[in-house]
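The structure appears below as structure tokens.
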Amino acid sequence: MAGAGEKKGKKDDNGIGTAIDFVLSNARLVLGVGGAAMLGIATLAVKRMYDRAISAPATPSRSSQSGKRSWEEPNWLGSSTRLLNKDMKTTVSRSLQTLPTEPSAFESCDESLRPKPPSRKSHGDLKKTRLRLSLQEKLFVYYKKHVAIPPGEQSCAKQAAVDICAELRNFIHNKFPDMPLKDMHLSGSLYDDLQVVRADHIQLMVPLSVEMNLWSCVPGEETILNLPGFCLLRRENLEYFPRGTSYWDRCVVGGYLCPRTVVATFEKVVAGSINWPAIGSMLGYVIRPVVPSESLILEVQYEEERKLFIDFLPLVALGERAAVAKSHRLPRYVNMWRLSQRGAETAALIGRDHQDSGFRCLCLKILKAICRYNPPLAHLTASHLTNILLHMCEMELDWSQGALADRFLQAIKETVSYLEKGELPSALDPKVNLFSELTAEEVDEMGYFLYCSISEPELLLRTGE
């Protein structure tokens, strides 16, 4: 009897119950969890009221109302049921025509209950965020593992440089008392805590004392060579003070103080006159001049296998700036002195970090290490990278720890842009092109190498492993 009742029920509802069951069973696939829940609740309520209506026994009063049969929907239910069924059909039809992840698939659901799938834009932002966070973590790991120098190693290197500087100062003062020099001092990234990978190089600055009335500075852009960032030191007043009046007249070539001749003079003193094996034995180091070399460099071995290279660098003070005896790479500029902006550039970068507790210097050290580990980037110097970051400081205000990955990627892109132009203006003197000594082939090689790394910046970090 139960089976007969079920068959009769199914026959009486003309398959409507079966259709509703089918819709409910597939709603989750079509509308998702939230949409299926709302549709299920509404549809189940209607189905129960509908079943209750058609299963009720016919009565005279009910059959006499407008001549309607008992299976027809009551007046109080008809309008709402038709409306609901219409909405259901519209929703299902629309859902079948659209992807479940599209917002339009959930138009019939309540805003507070239906899930809101991320749009394409938010998907991209989320992916970028994950990439940035991943790169951020890798940058800090790379810094700790491959960039930072242990404090003990830095301290030992500084002490070795101080010891040798003192011995050299005493020797020159005693052996060549007539040589006009100002106080020698140490300089470089090791003393600014900006050196990376190993504490293996430092500069020994040797200031020449020159007579202000006998020498003048001619900026490079005012010469026939037209080379901003360099200068000539011209001998003046020869009619009143003939050659030989100044100690440094012996280093004049063509009326100008020649930096290579000055270096050669000190090389005879430092490399030819000083008994470095005896001094090294006394200090506990192994010291020897590096030959051949375009500049005067001392190699110091200390603490087993550790080495320190001391660059002996004569300079002439010109007001707030200094001209150093570091020649241009091209031979035709042999008489030109390099105007050094390193001290001012470094002070500007460190000063900005002190103002906002930023990570500019940390970013610089990571970039320097990358250039050191990757041979194609060997011609990108600390000066290049410092100036690129100083230019970025004018555009970006956020240099917090959380923005390190963003600033790192931006620095790579900015470097590629400057290499593409073949020009990097000095942040402190815009008329100076810091890429002027690079060849076209070197610029192309570095630009291509960095351009290929923009999409996968992690490749730059793997080289240190």
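All residue names refer to the structure tokens as shown: chains lettered A, B, ... in order, residues numbered from 1 in each chain, ligands numbered from 1 in order.
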
As an mmCIF file with N, CA and C atoms, in the first residue's frame, which residues of segment 227-299 of chain A does DSSP assign to strand (DSSP E)?
```
data_model
loop_
_atom_site.group_PDB
_atom_site.id
_atom_site.type_symbol
_atom_site.label_atom_id
_atom_site.label_comp_id
_atom_site.auth_asym_id
_atom_site.auth_seq_id
_atom_site.Cartn_x
_atom_site.Cartn_y
_atom_site.Cartn_z
ATOM 1 N N PHE A 230 85.628 65.275 -13.549
ATOM 2 C CA PHE A 230 87.089 65.247 -13.487
ATOM 3 C C PHE A 230 87.592 66.685 -13.541
ATOM 4 N N CYS A 231 88.865 66.858 -13.284
ATOM 5 C CA CYS A 231 89.436 68.201 -13.331
ATOM 6 C C CYS A 231 90.926 68.123 -13.643
ATOM 7 N N LEU A 232 91.486 69.273 -14.006
ATOM 8 C CA LEU A 232 92.934 69.422 -14.197
ATOM 9 C C LEU A 232 93.473 70.330 -13.099
ATOM 10 N N LEU A 233 94.650 70.009 -12.593
ATOM 11 C CA LEU A 233 95.328 70.866 -11.620
ATOM 12 C C LEU A 233 96.473 71.580 -12.350
ATOM 13 N N ARG A 234 96.235 72.834 -12.637
ATOM 14 C CA ARG A 234 97.166 73.601 -13.483
ATOM 15 C C ARG A 234 98.166 74.365 -12.617
ATOM 16 N N ARG A 235 99.426 74.333 -13.087
ATOM 17 C CA ARG A 235 100.488 75.106 -12.418
ATOM 18 C C ARG A 235 100.371 76.565 -12.826
ATOM 19 N N VAL A 252 104.780 67.462 -12.653
ATOM 20 C CA VAL A 252 104.039 68.219 -13.659
ATOM 21 C C VAL A 252 104.325 67.650 -15.044
ATOM 22 N N VAL A 253 103.256 67.476 -15.818
ATOM 23 C CA VAL A 253 103.354 67.024 -17.213
ATOM 24 C C VAL A 253 102.504 67.966 -18.056
ATOM 25 N N TYR A 256 100.475 70.617 -16.103
ATOM 26 C CA TYR A 256 99.446 70.142 -15.170
ATOM 27 C C TYR A 256 100.017 69.063 -14.258
ATOM 28 N N LEU A 257 99.540 69.038 -13.029
ATOM 29 C CA LEU A 257 99.952 68.004 -12.081
ATOM 30 C C LEU A 257 99.352 66.673 -12.525
ATOM 31 N N VAL A 286 101.790 39.606 7.029
ATOM 32 C CA VAL A 286 102.600 39.446 5.821
ATOM 33 C C VAL A 286 102.179 40.552 4.864
ATOM 34 N N ILE A 287 103.106 41.486 4.560
ATOM 35 C CA ILE A 287 102.769 42.678 3.772
ATOM 36 C C ILE A 287 103.633 42.704 2.519
ATOM 37 N N ARG A 288 103.015 42.953 1.380
ATOM 38 C CA ARG A 288 103.767 43.085 0.130
ATOM 39 C C ARG A 288 102.977 43.956 -0.840
ATOM 40 N N PRO A 289 103.677 44.782 -1.620
ATOM 41 C CA PRO A 289 103.004 45.585 -2.658
ATOM 42 C C PRO A 289 102.472 44.690 -3.768
ATOM 43 N N LEU A 296 98.718 52.166 -6.445
ATOM 44 C CA LEU A 296 99.580 51.594 -5.413
ATOM 45 C C LEU A 296 98.724 50.850 -4.393
ATOM 46 N N ILE A 297 98.918 49.534 -4.329
ATOM 47 C CA ILE A 297 98.101 48.691 -3.460
ATOM 48 C C ILE A 297 99.009 47.804 -2.624
ATOM 49 N N LEU A 298 98.713 47.736 -1.328
ATOM 50 C CA LEU A 298 99.408 46.834 -0.423
ATOM 51 C C LEU A 298 98.504 45.647 -0.106
ATOM 52 N N GLU A 299 99.069 44.463 -0.169
ATOM 53 C CA GLU A 299 98.338 43.250 0.201
ATOM 54 C C GLU A 299 98.798 42.815 1.590
#
```

Taking only C-alpha atoms into account, produce a table as CSV in which each residue of segment 281-376 of chain A with an atom at most 9 Å from an atom of segment 201-224 of chain A appears once, together with its shortest atom pair and the distance in Å to one decimal, ordered by chain and rising number.
```
residue,atom,partner,partner_atom,distance
A:Lys307,CA,A:His201,CA,8.4
A:Leu308,CA,A:His201,CA,5.3
A:Phe309,CA,A:His201,CA,4.6
A:Ile310,CA,A:Ile202,CA,5.1
A:Asp311,CA,A:Gln203,CA,4.7
A:Phe312,CA,A:Leu204,CA,5.0
A:Leu313,CA,A:Met205,CA,5.0
A:Pro314,CA,A:Val206,CA,4.5
A:Leu315,CA,A:Pro207,CA,4.8
A:Val316,CA,A:Leu208,CA,5.5
A:Ala317,CA,A:Pro207,CA,7.1
A:Leu318,CA,A:Cys217,CA,7.8
A:Val324,CA,A:Met205,CA,8.8
A:Met336,CA,A:Gly220,CA,7.9
```

Output for the residues just chosen: N, CA and C atoms as a compact mmCIF listing (two decimals), in the first residue's frame:
```txt
# COMPACT_ATOMS: atom_id res chain seq x y z
N LYS A 307 92.84 38.20 3.90
CA LYS A 307 93.66 39.19 3.22
C LYS A 307 92.95 40.54 3.19
N LEU A 308 93.74 41.58 3.27
CA LEU A 308 93.23 42.94 3.20
C LEU A 308 94.06 43.70 2.18
N PHE A 309 93.39 44.39 1.27
CA PHE A 309 94.07 45.19 0.25
C PHE A 309 93.90 46.67 0.59
N ILE A 310 95.03 47.35 0.75
CA ILE A 310 95.02 48.77 1.11
C ILE A 310 95.37 49.58 -0.12
N ASP A 311 94.43 50.38 -0.58
CA ASP A 311 94.63 51.22 -1.77
C ASP A 311 95.22 52.56 -1.33
N PHE A 312 96.45 52.80 -1.73
CA PHE A 312 97.18 54.02 -1.39
C PHE A 312 96.75 55.10 -2.37
N LEU A 313 95.99 56.12 -1.87
CA LEU A 313 95.32 57.05 -2.78
C LEU A 313 95.68 58.50 -2.46
N PRO A 314 96.59 59.12 -3.23
CA PRO A 314 96.88 60.55 -3.06
C PRO A 314 95.67 61.40 -3.45
N LEU A 315 95.52 62.54 -2.76
CA LEU A 315 94.40 63.42 -3.07
C LEU A 315 94.81 64.87 -2.83
N VAL A 316 94.06 65.76 -3.48
CA VAL A 316 94.23 67.19 -3.29
C VAL A 316 92.88 67.76 -2.86
N ALA A 317 92.87 68.42 -1.69
CA ALA A 317 91.62 68.99 -1.19
C ALA A 317 91.29 70.26 -1.95
N LEU A 318 90.04 70.35 -2.41
CA LEU A 318 89.57 71.52 -3.16
C LEU A 318 88.29 72.03 -2.50
N VAL A 324 91.06 63.02 -6.41
CA VAL A 324 91.91 61.87 -6.08
C VAL A 324 92.67 61.42 -7.33
N MET A 336 94.02 63.92 -15.91
CA MET A 336 92.85 64.41 -15.18
C MET A 336 92.71 63.71 -13.83
```

Minimum-distance residue to Gly280 of chain A, chosen among A:Tyr373, A:Phe266, A:Phe359, A:Tyr302 (using only C-alpha atoms):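 Selected residue with least distance to Gly280 of chain A: A:Tyr302.
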
Quick one: of A:Arg352, A:Ala347, A:Glu167, A:Glu304, who's nearest to Ala278 of chain A, counting only C-alpha atoms?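 With only C-alpha atoms as the atom set, the closest residue is A:Glu167.
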
Within 12 Å of segment 451-457 of chain A, counting only C-alpha atoms, which residues qualify if same-chain residues fewer than 2 places away don't, as an NGL selection string? :A and (128 or 131-132 or 134-136 or 138-139 or 367 or 370 or 374 or 405-406 or 408-420 or 443-449 or 459-463)

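Minimum atom-to-atom distances from A:Lys182, A:Lys431, A:Arg260, A:His384 to Ser327 of chain A were compared using only C-alpha atoms, and the lowest value belongs to A:Arg260.
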
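Nearest to Gln301 of chain A of all the residues A:Val141, A:Ala199, A:Ala427, A:Ala264 is A:Ala199, based on only C-alpha atoms.
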
Exercise: Leu362 of chain A partners within 9 Å, only C-alpha atoms, chain neighbours under 4 positions left out, as a VMD selection string: chain A and resid 143 194 358 366 to 367 404

May I have the selected residues written with all heavy atoms, as a PDB file, in the first residue's frame?
```pdb
ATOM      1  N   TYR A 143      71.027  38.252   2.920  1.00  0.00           N
ATOM      2  CA  TYR A 143      71.862  39.239   3.607  1.00  0.00           C
ATOM      3  C   TYR A 143      72.635  38.600   4.758  1.00  0.00           C
ATOM      4  O   TYR A 143      73.845  38.804   4.898  1.00  0.00           O
ATOM      5  CB  TYR A 143      70.987  40.376   4.133  1.00  0.00           C
ATOM      6  CG  TYR A 143      71.758  41.372   4.969  1.00  0.00           C
ATOM      7  CD1 TYR A 143      72.565  42.337   4.371  1.00  0.00           C
ATOM      8  CD2 TYR A 143      71.703  41.335   6.360  1.00  0.00           C
ATOM      9  CE1 TYR A 143      73.291  43.232   5.130  1.00  0.00           C
ATOM     10  CE2 TYR A 143      72.423  42.224   7.126  1.00  0.00           C
ATOM     11  CZ  TYR A 143      73.213  43.175   6.512  1.00  0.00           C
ATOM     12  OH  TYR A 143      73.942  44.048   7.267  1.00  0.00           O
ATOM     13  N   LEU A 194      79.615  49.654   5.250  1.00  0.00           N
ATOM     14  CA  LEU A 194      78.913  49.381   3.995  1.00  0.00           C
ATOM     15  C   LEU A 194      79.636  48.334   3.147  1.00  0.00           C
ATOM     16  O   LEU A 194      79.255  48.093   2.012  1.00  0.00           O
ATOM     17  CB  LEU A 194      78.756  50.676   3.178  1.00  0.00           C
ATOM     18  CG  LEU A 194      77.789  51.717   3.747  1.00  0.00           C
ATOM     19  CD1 LEU A 194      77.809  52.984   2.913  1.00  0.00           C
ATOM     20  CD2 LEU A 194      76.372  51.160   3.839  1.00  0.00           C
ATOM     21  N   GLY A 358      65.254  53.889   8.071  1.00  0.00           N
ATOM     22  CA  GLY A 358      65.036  53.175   6.815  1.00  0.00           C
ATOM     23  C   GLY A 358      66.053  52.077   6.541  1.00  0.00           C
ATOM     24  O   GLY A 358      66.990  51.853   7.313  1.00  0.00           O
ATOM     25  N   ILE A 366      72.991  44.731  -0.219  1.00  0.00           N
ATOM     26  CA  ILE A 366      72.529  43.556  -0.970  1.00  0.00           C
ATOM     27  C   ILE A 366      72.866  43.712  -2.445  1.00  0.00           C
ATOM     28  O   ILE A 366      73.346  42.781  -3.101  1.00  0.00           O
ATOM     29  CB  ILE A 366      71.017  43.355  -0.762  1.00  0.00           C
ATOM     30  CG1 ILE A 366      70.734  42.952   0.690  1.00  0.00           C
ATOM     31  CG2 ILE A 366      70.474  42.303  -1.720  1.00  0.00           C
ATOM     32  CD1 ILE A 366      69.260  42.857   1.026  1.00  0.00           C
ATOM     33  N   LEU A 367      72.633  44.912  -2.995  1.00  0.00           N
ATOM     34  CA  LEU A 367      72.945  45.154  -4.405  1.00  0.00           C
ATOM     35  C   LEU A 367      74.442  45.045  -4.665  1.00  0.00           C
ATOM     36  O   LEU A 367      74.874  44.497  -5.693  1.00  0.00           O
ATOM     37  CB  LEU A 367      72.437  46.537  -4.815  1.00  0.00           C
ATOM     38  CG  LEU A 367      70.917  46.714  -4.837  1.00  0.00           C
ATOM     39  CD1 LEU A 367      70.554  48.186  -5.018  1.00  0.00           C
ATOM     40  CD2 LEU A 367      70.297  45.886  -5.957  1.00  0.00           C
ATOM     41  N   LEU A 404      61.245  46.518   1.755  1.00  0.00           N
ATOM     42  CA  LEU A 404      62.563  46.194   1.205  1.00  0.00           C
ATOM     43  C   LEU A 404      62.471  45.494  -0.152  1.00  0.00           C
ATOM     44  O   LEU A 404      63.180  45.851  -1.092  1.00  0.00           O
ATOM     45  CB  LEU A 404      63.341  45.323   2.190  1.00  0.00           C
ATOM     46  CG  LEU A 404      64.712  44.834   1.708  1.00  0.00           C
ATOM     47  CD1 LEU A 404      65.638  46.019   1.426  1.00  0.00           C
ATOM     48  CD2 LEU A 404      65.358  43.904   2.723  1.00  0.00           C
TER      49      LEU A 404
END
```

Kindly assemble as a Markdown table a list of the segment 325-388 of chain A residues that lie within 10 Å of segment 435-441 of chain A, each paired with its nearest atom pair and their distance in Å to one decimal, using only C-alpha atoms, sorted first by chain and then by ascending residue number.
```
| residue | atom | partner | partner_atom | distance |
| --- | --- | --- | --- | --- |
| A:His328 | CA | A:Glu437 | CA | 7.1 |
| A:Arg329 | CA | A:Glu437 | CA | 6.2 |
| A:Leu330 | CA | A:Glu437 | CA | 7.5 |
| A:His379 | CA | A:Leu438 | CA | 7.7 |
| A:Leu380 | CA | A:Phe435 | CA | 9.1 |
| A:His384 | CA | A:Phe435 | CA | 8.1 |
```

Would you put the residues from that selection into a file with C-alpha atoms, as a compact mmCIF listing (two decimals), in the first residue's frame?
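Final output, saved to again.txt:
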```txt
# COMPACT_ATOMS: atom_id res chain seq x y z
CA HIS A 328 90.05 57.77 -16.07
CA ARG A 329 89.93 54.38 -17.81
CA LEU A 330 90.75 55.93 -21.20
CA HIS A 379 81.46 47.19 -13.61
CA LEU A 380 78.55 48.44 -11.47
CA HIS A 384 76.66 53.80 -9.26
```

Identify all residues of segment 312-455 of chain A in alpha helix (DSSP H) (DSSP on the backbone) and supply them as a ChimeraX atom specification. /A:342-356,360-373,382-393,404-421,440-453

d(atom CA of Arg306 of chain A, atom CA of Leu377 of chain A) in Å: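 Atom CA of Leu377 of chain A lies at a distance of 24.6 Å from atom CA of Arg306 of chain A.
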
Kindly indicate which residue among A:Arg342, A:Arg372, A:Arg407, A:Lys365 lies nearest to Asn387 of chain A, using only C-alpha atoms for the distances.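 Residue with the minimum atom-to-atom distance to Asn387 of chain A: A:Arg342.
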